[in-house]
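**Student:** final.txt is reproduced in full below (compact mmCIF, C-alpha atoms).
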```
# COMPACT_ATOMS: atom_id res chain seq x y z
CA MET A 1 109.42 64.31 123.81
CA THR A 2 111.03 61.52 125.78
CA SER A 3 111.55 63.85 128.75
CA ASP A 4 107.85 64.87 128.64
CA VAL A 5 106.68 61.27 128.69
CA SER A 6 109.03 60.56 131.58
CA HIS A 7 106.90 62.98 133.64
CA LEU A 8 103.91 60.83 132.84
CA GLU A 9 105.70 57.73 134.09
CA GLY A 10 105.26 58.80 137.71
CA GLN A 11 101.51 59.22 137.21
CA LEU A 12 101.09 55.86 135.47
CA HIS A 13 103.24 53.94 137.93
CA LEU A 14 101.15 51.05 139.21
CA GLY A 15 102.91 50.78 142.57
CA PRO A 16 101.95 54.16 144.08
CA ARG A 17 98.34 53.74 142.94
CA GLN A 18 97.95 50.39 144.69
CA GLY A 19 97.71 51.22 148.36
CA GLY A 20 99.86 54.36 148.34
CA ILE A 21 103.19 52.52 148.34
CA GLY A 22 105.93 54.42 146.44
CA ALA A 23 108.95 53.02 144.65
CA ARG A 24 111.32 53.92 147.48
CA ARG A 25 109.12 52.18 150.04
CA ILE A 26 109.03 49.09 147.87
CA ALA A 27 112.83 49.20 147.61
CA LEU A 28 112.98 49.44 151.41
CA LEU A 29 110.63 46.47 151.82
CA GLU A 30 112.68 44.49 149.31
CA ALA A 31 115.89 45.31 151.18
CA ILE A 32 114.32 44.26 154.49
CA GLY A 33 113.38 40.95 152.89
CA GLN A 34 116.94 40.47 151.66
CA THR A 35 118.82 41.55 154.78
CA GLY A 36 116.44 40.90 157.69
CA SER A 37 117.69 44.18 159.18
CA ILE A 38 116.05 47.62 159.20
CA THR A 39 119.49 49.22 159.66
CA ALA A 40 121.01 47.46 156.64
CA ALA A 41 117.88 48.06 154.55
CA ALA A 42 117.85 51.78 155.40
CA LYS A 43 121.49 52.10 154.37
CA ALA A 44 120.83 50.24 151.12
CA VAL A 45 118.10 52.66 150.01
CA GLY A 46 119.66 55.84 151.42
CA LEU A 47 117.34 56.46 154.37
CA SER A 48 118.10 57.23 158.00
CA TYR A 49 117.15 54.63 160.59
CA LYS A 50 114.25 56.82 161.74
CA GLY A 51 113.20 57.54 158.15
CA ALA A 52 113.11 53.82 157.44
CA TRP A 53 110.89 53.11 160.44
CA ASP A 54 108.62 56.02 159.46
CA ALA A 55 108.27 54.50 155.99
CA VAL A 56 107.61 51.04 157.43
CA ASN A 57 104.97 52.38 159.84
CA ALA A 58 103.27 54.30 157.01
CA ALA A 59 103.25 51.18 154.82
CA ASN A 60 101.83 49.04 157.62
CA ASN A 61 99.15 51.67 158.31
CA LEU A 62 98.01 51.66 154.68
CA ALA A 63 98.00 47.88 154.26
CA ASP A 64 95.16 45.53 155.12
CA THR A 65 97.60 43.44 157.19
CA PRO A 66 101.17 44.32 158.31
CA LEU A 67 103.88 44.13 155.65
CA VAL A 68 106.79 44.18 158.09
CA GLU A 69 107.16 42.76 161.57
CA ARG A 70 109.84 42.75 164.23
CA THR A 71 111.38 39.47 165.34
CA THR A 72 112.88 38.83 168.76
CA GLY A 73 115.37 36.38 170.18
CA GLY A 74 117.92 34.29 168.34
CA ALA A 75 121.68 34.60 168.18
CA GLY A 76 121.49 38.09 166.69
CA GLY A 77 118.97 39.35 169.21
CA GLY A 78 116.14 39.68 166.71
CA GLY A 79 115.59 41.71 163.59
CA THR A 80 112.98 42.73 161.04
CA ARG A 81 111.32 40.65 158.36
CA LEU A 82 108.70 40.85 155.66
CA THR A 83 105.43 39.11 156.32
CA GLU A 84 103.93 36.88 153.66
CA ARG A 85 101.74 39.84 152.67
CA GLY A 86 104.84 42.03 152.31
CA GLN A 87 106.62 39.46 150.16
CA ARG A 88 103.57 39.20 147.90
CA LEU A 89 103.34 42.98 147.56
CA VAL A 90 106.98 43.29 146.49
CA ALA A 91 106.58 40.50 143.93
CA THR A 92 103.38 42.05 142.55
CA TYR A 93 105.00 45.49 142.37
CA ARG A 94 107.98 44.19 140.41
CA ALA A 95 105.72 42.33 138.00
CA ALA A 96 103.59 45.45 137.53
CA GLU A 97 106.74 47.53 137.06
CA ALA A 98 107.88 45.29 134.20
CA GLU A 99 104.48 45.64 132.52
CA GLN A 100 104.63 49.39 133.03
CA GLN A 101 107.97 49.67 131.26
CA ARG A 102 106.55 47.84 128.24
CA PHE A 103 103.55 50.16 128.25
CA LEU A 104 105.71 53.30 128.47
CA ALA A 105 107.83 52.10 125.56
CA GLN A 106 104.63 51.89 123.49
CA LEU A 107 103.52 55.29 124.82
CA ASN A 108 106.72 56.94 123.66
CA ARG A 109 106.17 55.55 120.17
CA ARG A 110 102.44 56.27 119.84
CA LEU A 111 101.91 59.56 121.73
CA ALA A 112 104.85 61.67 120.62
CA HIS A 113 102.39 64.52 119.91
CA LEU A 114 101.10 64.68 123.52
CA ALA A 115 101.12 68.29 124.73
CA GLY A 116 103.58 69.17 127.47
CA ASP A 117 101.01 71.42 129.19
CA ASP A 118 98.65 68.45 129.53
CA LEU A 119 101.39 66.36 131.11
CA ASN A 120 102.18 69.11 133.63
CA LEU A 121 98.49 69.45 134.53
CA MET A 122 98.20 65.67 135.02
CA GLU A 123 101.20 65.80 137.33
CA ARG A 124 99.61 68.54 139.46
CA LEU A 125 96.30 66.66 139.66
CA ALA A 126 98.15 63.62 141.05
CA MET A 127 99.95 65.62 143.74
CA GLN A 128 100.66 63.60 146.87
CA THR A 129 99.62 64.78 150.32
CA SER A 130 102.01 66.07 152.97
CA ALA A 131 99.83 64.82 155.83
CA ARG A 132 102.07 62.81 158.17
CA ASN A 133 99.40 60.33 159.29
CA GLN A 134 97.76 58.24 156.57
CA LEU A 135 95.51 55.49 157.90
CA LEU A 136 93.52 52.95 155.91
CA GLY A 137 89.98 52.39 157.19
CA ARG A 138 86.62 50.86 156.28
CA VAL A 139 83.44 52.89 156.65
CA THR A 140 81.20 51.34 159.32
CA ALA A 141 78.52 54.03 159.66
CA VAL A 142 77.39 57.21 157.91
CA LYS A 143 75.20 59.88 159.52
CA ARG A 144 74.03 62.58 157.13
CA GLY A 145 72.98 66.05 158.22
CA LYS A 146 71.79 68.99 156.15
CA VAL A 147 75.34 70.29 155.65
CA ASN A 148 77.86 67.80 156.97
CA VAL A 149 78.26 64.04 157.06
CA GLU A 150 79.66 62.14 160.04
CA VAL A 151 81.66 59.10 158.95
CA ASP A 152 82.76 56.32 161.29
CA LEU A 153 85.72 54.21 160.19
CA GLU A 154 87.37 51.07 161.46
CA LEU A 155 91.10 51.11 160.89
CA ALA A 156 92.89 48.04 159.58
CA GLY A 157 93.69 46.86 163.11
CA GLY A 158 90.21 47.52 164.48
CA ASP A 159 90.80 50.95 166.01
CA PRO A 160 87.87 53.40 165.55
CA LEU A 161 88.10 56.80 163.89
CA ALA A 162 85.48 59.48 163.17
CA ALA A 163 85.51 62.16 160.48
CA VAL A 164 83.14 65.00 159.61
CA ILE A 165 83.09 66.12 155.97
CA THR A 166 80.69 68.07 153.77
CA GLN A 167 77.80 66.49 151.88
CA THR A 168 79.52 67.33 148.60
CA SER A 169 82.75 65.66 149.67
CA ALA A 170 80.86 62.58 150.83
CA ASP A 171 79.08 62.34 147.49
CA ASN A 172 82.32 62.79 145.55
CA LEU A 173 84.00 60.03 147.57
CA GLY A 174 81.01 57.71 147.32
CA VAL A 175 80.95 57.32 151.10
CA GLU A 176 78.79 54.43 152.32
CA PRO A 177 79.25 51.52 154.73
CA GLY A 178 81.84 49.05 153.48
CA VAL A 179 83.79 51.56 151.38
CA THR A 180 87.53 51.72 152.08
CA LEU A 181 89.03 55.19 152.54
CA THR A 182 92.31 56.73 153.65
CA ALA A 183 92.16 59.08 156.63
CA LEU A 184 94.73 61.89 156.62
CA ILE A 185 95.62 63.74 159.82
CA LYS A 186 98.44 66.26 160.09
CA ALA A 187 100.78 65.55 162.99
CA SER A 188 100.39 69.12 164.24
CA TRP A 189 96.60 68.65 164.59
CA LEU A 190 96.97 65.99 167.30
CA ILE A 191 96.83 66.81 171.00
CA LEU A 192 98.62 64.37 173.29
CA ALA A 193 97.78 63.53 176.88
CA ALA A 194 99.50 61.13 179.25
CA GLY A 195 97.50 58.07 180.25
CA ASP A 196 94.22 56.64 179.00
CA LEU A 197 91.58 59.33 178.41
CA SER A 198 89.30 57.21 176.21
CA SER A 199 86.44 57.42 178.69
CA SER A 200 86.97 61.00 179.85
CA GLY A 201 84.24 63.60 179.42
CA LEU A 202 85.78 65.48 176.52
CA SER A 203 84.11 66.92 173.44
CA THR A 204 86.90 65.66 171.16
CA ARG A 205 85.44 62.75 169.21
CA ASN A 206 88.68 60.94 168.45
CA ARG A 207 90.53 59.72 171.54
CA LEU A 208 92.93 57.00 170.45
CA VAL A 209 94.94 55.35 173.20
CA GLY A 210 98.31 53.86 172.38
CA THR A 211 101.81 53.11 173.57
CA VAL A 212 104.65 55.58 173.03
CA GLU A 213 106.93 53.98 170.46
CA SER A 214 109.45 56.76 169.85
CA ILE A 215 110.24 60.34 170.85
CA THR A 216 112.41 62.65 168.76
CA SER A 217 112.99 66.20 169.97
CA ASP A 218 115.08 69.30 169.45
CA GLU A 219 115.17 72.69 171.16
CA VAL A 220 111.80 73.75 169.71
CA ALA A 221 109.57 70.74 169.06
CA ALA A 222 109.12 67.03 169.68
CA GLU A 223 107.67 64.27 167.51
CA ILE A 224 106.00 61.52 169.50
CA THR A 225 104.84 58.33 167.78
CA LEU A 226 102.12 56.16 169.31
CA ARG A 227 101.42 52.55 168.43
CA LEU A 228 97.69 51.79 168.60
CA PRO A 229 96.39 48.42 169.85
CA GLY A 230 95.42 47.44 166.32
CA GLY A 231 98.97 48.00 165.04
CA ALA A 232 98.61 51.39 163.31
CA THR A 233 100.86 54.29 164.33
CA LEU A 234 100.10 57.96 164.91
CA ALA A 235 102.71 60.71 164.91
CA ALA A 236 102.12 63.95 166.82
CA VAL A 237 104.26 67.07 166.78
CA VAL A 238 104.12 69.21 169.93
CA THR A 239 106.29 71.93 171.39
CA ARG A 240 109.35 70.87 173.36
CA GLU A 241 107.85 72.59 176.41
CA SER A 242 104.66 70.52 176.10
CA ALA A 243 106.64 67.31 175.61
CA ASP A 244 108.69 67.99 178.73
CA ALA A 245 105.51 68.74 180.70
CA LEU A 246 103.97 65.43 179.60
CA GLY A 247 107.03 63.55 180.80
CA LEU A 248 106.38 60.65 178.45
CA SER A 249 108.89 57.87 177.81
CA GLU A 250 108.91 54.97 175.37
CA GLY A 251 106.46 52.32 176.52
CA ASP A 252 104.16 54.75 178.35
CA THR A 253 100.43 54.92 177.65
CA ALA A 254 99.18 58.11 176.02
CA THR A 255 96.06 59.36 174.27
CA ALA A 256 95.97 61.15 170.91
CA LEU A 257 93.04 63.56 170.74
CA PHE A 258 91.78 65.25 167.60
CA LYS A 259 88.46 66.54 166.31
CA ALA A 260 86.49 64.63 163.70
CA SER A 261 86.66 67.81 161.58
CA SER A 262 90.48 67.53 161.56
CA VAL A 263 90.33 64.28 159.56
CA ILE A 264 90.61 64.50 155.78
CA LEU A 265 89.23 61.54 153.86
CA ALA A 266 90.53 60.37 150.49
CA GLN A 267 89.78 57.51 148.16
CA SER A 268 92.17 54.66 148.84
CA ASP A 269 92.46 53.54 145.20
```
Mind turning this structure into structure tokens?
**Tutor:**
Amino acid sequence: MTSDVSHLEGQLHLGPRQGGIGARRIALLEAIGQTGSITAAAKAVGLSYKGAWDAVNAANNLADTPLVERTTGGAGGGGTRLTERGQRLVATYRAAEAEQQRFLAQLNRRLAHLAGDDLNLMERLAMQTSARNQLLGRVTAVKRGKVNVEVDLELAGGDPLAAVITQTSADNLGVEPGVTLTALIKASWLILAAGDLSSSGLSTRNRLVGTVESITSDEVAAEITLRLPGGATLAAVVTRESADALGLSEGDTATALFKASSVILAQSD
């Protein structure tokens, strides 16, 4: 029965439920706080340099204020450090983790009869999303139609985002102004354009302008990450041919375009 209850541990873990931060991301944040280096922290937790920055960007996107920031200058030429918010999150996570372990010890003693099928079903119901872009936002406006609902969000850094969902989905999520939600957008759903197209006459509702932060490509595809003015990041995957045609380099201005219907909304807690 111990192995069955261990499956439940992942579902009861307080860290992933509070802001979508998993144990590995917390370990990465903790290592950044200890080393002041994204390279050393990535090595400590078994991530690639790119994987570590992806995790940091995702964490910053889901937080109310940045958890990690770059530093410049100094004898070492700069580095990476936890913000006060990041330090507090790590401390809270570790305290919650200790409480969780005490709870699970009690669970093993008191619920030895718990059915394995129930545990497996609970695990499926808590399945995490594969959407590359996960952005925390606050609902600023709701426009209800007969079938669909248009939801305007303000991301943590102030950037706007629009989503169109069904009436049923809106009711299930309890969508209303002031509610905090997570917007999910697959990287393959984004269209990239060079330059600032925020005021162009396009039917695409979401036109987020940012600065190219990184470009990773192979013979078939390219992943281009934009940093938005408010601090959030968006990753887009396009064909290598399209990436070459865009001719973008790090530091260039580009626009991410995607339909409001391409945004999936989820409860943030």
**Student:** Can you list, as a CSV table (one decimal) with C-alpha atoms, in the coordinates of the input, every protein, DNA or RNA residue that comes within 12 Å of Gly51 of chain A when you count all atoms listed in the file, leaving out same-chain residues fewer than 3 positions away?
**Tutor:**
```csv
chain,number,residue,atom,x,y,z
A,24,ARG,CA,111.3,53.9,147.5
A,25,ARG,CA,109.1,52.2,150.0
A,28,LEU,CA,113.0,49.4,151.4
A,38,ILE,CA,116.0,47.6,159.2
A,39,THR,CA,119.5,49.2,159.7
A,41,ALA,CA,117.9,48.1,154.6
A,42,ALA,CA,117.8,51.8,155.4
A,43,LYS,CA,121.5,52.1,154.4
A,45,VAL,CA,118.1,52.7,150.0
A,46,GLY,CA,119.7,55.8,151.4
A,47,LEU,CA,117.3,56.5,154.4
A,48,SER,CA,118.1,57.2,158.0
A,54,ASP,CA,108.6,56.0,159.5
A,55,ALA,CA,108.3,54.5,156.0
A,56,VAL,CA,107.6,51.0,157.4
A,57,ASN,CA,105.0,52.4,159.8
A,58,ALA,CA,103.3,54.3,157.0
A,216,THR,CA,112.4,62.6,168.8
```
**Student:** Quick one: of A:Leu192, A:Ala187, A:Leu202, A:Ala27, who's nearest to Ala235 of chain A, counting all atoms listed in the file?
**Tutor:** A:Ala187
**Student:** Please produce, as CSV, a per-residue contact table for segment 191-217 of chain A versus segment 239-257 of chain A (criterion: any atom at most 6 Å away, all atoms listed in the file considered), showing the nearest atom pair and its distance in Å to one decimal, sorted by chain then residue number.
**Tutor:**
```
residue,atom,partner,partner_atom,distance
A:Ile191,CA,A:Leu257,CA,5.0
A:Leu192,CA,A:Ala256,CA,4.8
A:Ala193,CA,A:Thr255,CA,5.2
A:Ala194,CA,A:Ala254,CA,4.4
A:Gly195,CA,A:Ala254,CA,4.6
A:Asp196,CA,A:Thr255,CA,5.8
A:Asn206,CA,A:Leu257,CA,5.6
A:Arg207,CA,A:Leu257,CA,4.7
A:Leu208,CA,A:Ala256,CA,5.2
A:Val209,CA,A:Thr255,CA,4.3
A:Gly210,CA,A:Ala254,CA,5.7
A:Thr211,CA,A:Thr253,CA,4.7
A:Val212,CA,A:Glu250,CA,4.9
A:Glu213,CA,A:Glu250,CA,5.4
A:Ser214,CA,A:Glu250,CA,5.8
```
**Student:** In Å to one decimal, how far is atom CA of Glu84 of chain A from atom CA of Ala44 of chain A?
**Tutor:**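 Atom CA of Glu84 of chain A lies 21.7 Å from atom CA of Ala44 of chain A.
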**Student:** Just want the 12 Å neighbourhood of Thr140 of chain A, counted on all atoms listed in the file, with same-chain residues fewer than 5 positions away dropped. Output as a PyMOL selection string.
**Tutor:** chain A and resi 150-155+158-163+175-181
**Student:** Nearest to Leu226 of chain A: which of A:Asn148, A:Ser261, A:Thr166, A:Asn133 is it, counting all atoms listed in the file?
**Tutor:**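 Ranking A:Asn148, A:Ser261, A:Thr166, A:Asn133 by distance to Leu226 of chain A, first place goes to A:Asn133.
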**Student:** By how many Å are atom CA of Thr233 of chain A and atom CA of Ile185 of chain A apart?
**Tutor:**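 Atom-to-atom, atom CA of Thr233 of chain A to atom CA of Ile185 of chain A, that is 11.7 Å.
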**Student:** Could you check the closest approach to Asp171 of chain A for each of A:Ala52, A:Val147, A:Val263, A:Arg227 and tell me which residue wins, using all atoms listed in the file?
**Tutor:**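 For Asp171 of chain A, the nearest of the given residues is A:Val147.
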**Student:** Pull segment 132-144 of chain A out of the block and emit all heavy atoms, as an mmCIF file, in the first residue's frame.
**Tutor:**
```cif
data_model
loop_
_atom_site.group_PDB
_atom_site.id
_atom_site.type_symbol
_atom_site.label_atom_id
_atom_site.label_comp_id
_atom_site.auth_asym_id
_atom_site.auth_seq_id
_atom_site.Cartn_x
_atom_site.Cartn_y
_atom_site.Cartn_z
ATOM 1 N N ARG A 132 3.136 25.075 -23.909
ATOM 2 C CA ARG A 132 4.443 25.669 -23.635
ATOM 3 C C ARG A 132 4.317 27.002 -22.900
ATOM 4 O O ARG A 132 5.091 27.307 -22.007
ATOM 5 C CB ARG A 132 5.163 25.864 -24.976
ATOM 6 C CG ARG A 132 6.534 26.490 -24.883
ATOM 7 C CD ARG A 132 7.516 25.530 -24.243
ATOM 8 N NE ARG A 132 8.873 25.903 -24.571
ATOM 9 C CZ ARG A 132 9.522 26.943 -24.072
ATOM 10 N NH1 ARG A 132 8.936 27.708 -23.222
ATOM 11 N NH2 ARG A 132 10.763 27.205 -24.428
ATOM 12 N N ASN A 133 3.337 27.822 -23.303
ATOM 13 C CA ASN A 133 3.169 29.139 -22.719
ATOM 14 C C ASN A 133 2.073 29.121 -21.657
ATOM 15 O O ASN A 133 0.924 28.802 -21.951
ATOM 16 C CB ASN A 133 2.824 30.160 -23.806
ATOM 17 C CG ASN A 133 3.939 30.319 -24.820
ATOM 18 O OD1 ASN A 133 5.046 30.707 -24.488
ATOM 19 N ND2 ASN A 133 3.654 29.996 -26.074
ATOM 20 N N GLN A 134 2.448 29.436 -20.427
ATOM 21 C CA GLN A 134 1.510 29.505 -19.312
ATOM 22 C C GLN A 134 1.675 30.873 -18.656
ATOM 23 O O GLN A 134 2.709 31.159 -18.069
ATOM 24 C CB GLN A 134 1.784 28.390 -18.309
ATOM 25 C CG GLN A 134 1.731 26.995 -18.932
ATOM 26 C CD GLN A 134 2.075 25.912 -17.929
ATOM 27 O OE1 GLN A 134 1.747 26.001 -16.759
ATOM 28 N NE2 GLN A 134 2.750 24.871 -18.394
ATOM 29 N N LEU A 135 0.665 31.709 -18.791
ATOM 30 C CA LEU A 135 0.761 33.099 -18.357
ATOM 31 C C LEU A 135 -0.320 33.420 -17.342
ATOM 32 O O LEU A 135 -1.500 33.156 -17.570
ATOM 33 C CB LEU A 135 0.621 34.042 -19.559
ATOM 34 C CG LEU A 135 1.575 33.788 -20.732
ATOM 35 C CD1 LEU A 135 1.181 34.627 -21.932
ATOM 36 C CD2 LEU A 135 3.005 34.100 -20.313
ATOM 37 N N LEU A 136 0.093 33.989 -16.222
ATOM 38 C CA LEU A 136 -0.847 34.370 -15.173
ATOM 39 C C LEU A 136 -1.463 35.715 -15.521
ATOM 40 O O LEU A 136 -0.767 36.655 -15.897
ATOM 41 C CB LEU A 136 -0.123 34.453 -13.834
ATOM 42 C CG LEU A 136 -1.001 34.596 -12.588
ATOM 43 C CD1 LEU A 136 -1.793 33.316 -12.345
ATOM 44 C CD2 LEU A 136 -0.133 34.916 -11.375
ATOM 45 N N GLY A 137 -2.786 35.831 -15.398
ATOM 46 C CA GLY A 137 -3.455 37.089 -15.713
ATOM 47 C C GLY A 137 -4.686 37.326 -14.851
ATOM 48 O O GLY A 137 -5.266 36.393 -14.290
ATOM 49 N N ARG A 138 -5.079 38.599 -14.758
ATOM 50 C CA ARG A 138 -6.271 38.981 -14.003
ATOM 51 C C ARG A 138 -7.344 39.435 -14.981
ATOM 52 O O ARG A 138 -7.074 40.214 -15.892
ATOM 53 C CB ARG A 138 -5.928 40.105 -13.019
ATOM 54 C CG ARG A 138 -7.098 40.585 -12.169
ATOM 55 C CD ARG A 138 -6.641 41.695 -11.215
ATOM 56 N NE ARG A 138 -6.091 42.831 -11.956
ATOM 57 C CZ ARG A 138 -6.842 43.804 -12.472
ATOM 58 N NH1 ARG A 138 -8.154 43.769 -12.350
ATOM 59 N NH2 ARG A 138 -6.271 44.803 -13.113
ATOM 60 N N VAL A 139 -8.556 38.942 -14.802
ATOM 61 C CA VAL A 139 -9.658 39.297 -15.690
ATOM 62 C C VAL A 139 -10.011 40.771 -15.496
ATOM 63 O O VAL A 139 -10.282 41.221 -14.375
ATOM 64 C CB VAL A 139 -10.899 38.415 -15.417
ATOM 65 C CG1 VAL A 139 -12.065 38.852 -16.309
ATOM 66 C CG2 VAL A 139 -10.568 36.948 -15.651
ATOM 67 N N THR A 140 -10.015 41.529 -16.594
ATOM 68 C CA THR A 140 -10.360 42.952 -16.530
ATOM 69 C C THR A 140 -11.735 43.237 -17.121
ATOM 70 O O THR A 140 -12.366 44.234 -16.767
ATOM 71 C CB THR A 140 -9.315 43.798 -17.268
ATOM 72 O OG1 THR A 140 -9.211 43.340 -18.634
ATOM 73 C CG2 THR A 140 -7.950 43.677 -16.592
ATOM 74 N N ALA A 141 -12.187 42.382 -18.040
ATOM 75 C CA ALA A 141 -13.502 42.603 -18.659
ATOM 76 C C ALA A 141 -14.050 41.279 -19.172
ATOM 77 O O ALA A 141 -13.288 40.397 -19.586
ATOM 78 C CB ALA A 141 -13.411 43.620 -19.796
ATOM 79 N N VAL A 142 -15.383 41.152 -19.140
ATOM 80 C CA VAL A 142 -16.055 39.950 -19.621
ATOM 81 C C VAL A 142 -17.224 40.385 -20.497
ATOM 82 O O VAL A 142 -18.075 41.175 -20.075
ATOM 83 C CB VAL A 142 -16.580 39.083 -18.455
ATOM 84 C CG1 VAL A 142 -17.296 37.851 -18.996
ATOM 85 C CG2 VAL A 142 -15.439 38.679 -17.531
ATOM 86 N N LYS A 143 -17.262 39.890 -21.721
ATOM 87 C CA LYS A 143 -18.358 40.197 -22.645
ATOM 88 C C LYS A 143 -19.040 38.891 -23.029
ATOM 89 O O LYS A 143 -18.440 38.037 -23.675
ATOM 90 C CB LYS A 143 -17.834 40.913 -23.891
ATOM 91 C CG LYS A 143 -18.920 41.344 -24.861
ATOM 92 C CD LYS A 143 -18.320 42.093 -26.050
ATOM 93 C CE LYS A 143 -19.404 42.538 -27.021
ATOM 94 N NZ LYS A 143 -18.807 43.254 -28.196
ATOM 95 N N ARG A 144 -20.281 38.734 -22.602
ATOM 96 C CA ARG A 144 -20.996 37.478 -22.816
ATOM 97 C C ARG A 144 -21.889 37.546 -24.047
ATOM 98 O O ARG A 144 -22.639 38.508 -24.240
ATOM 99 C CB ARG A 144 -21.844 37.140 -21.584
ATOM 100 C CG ARG A 144 -21.008 36.766 -20.361
ATOM 101 C CD ARG A 144 -21.863 36.328 -19.186
ATOM 102 N NE ARG A 144 -21.045 35.897 -18.068
ATOM 103 C CZ ARG A 144 -20.653 34.637 -17.879
ATOM 104 N NH1 ARG A 144 -21.029 33.711 -18.745
ATOM 105 N NH2 ARG A 144 -19.917 34.310 -16.834
#
```
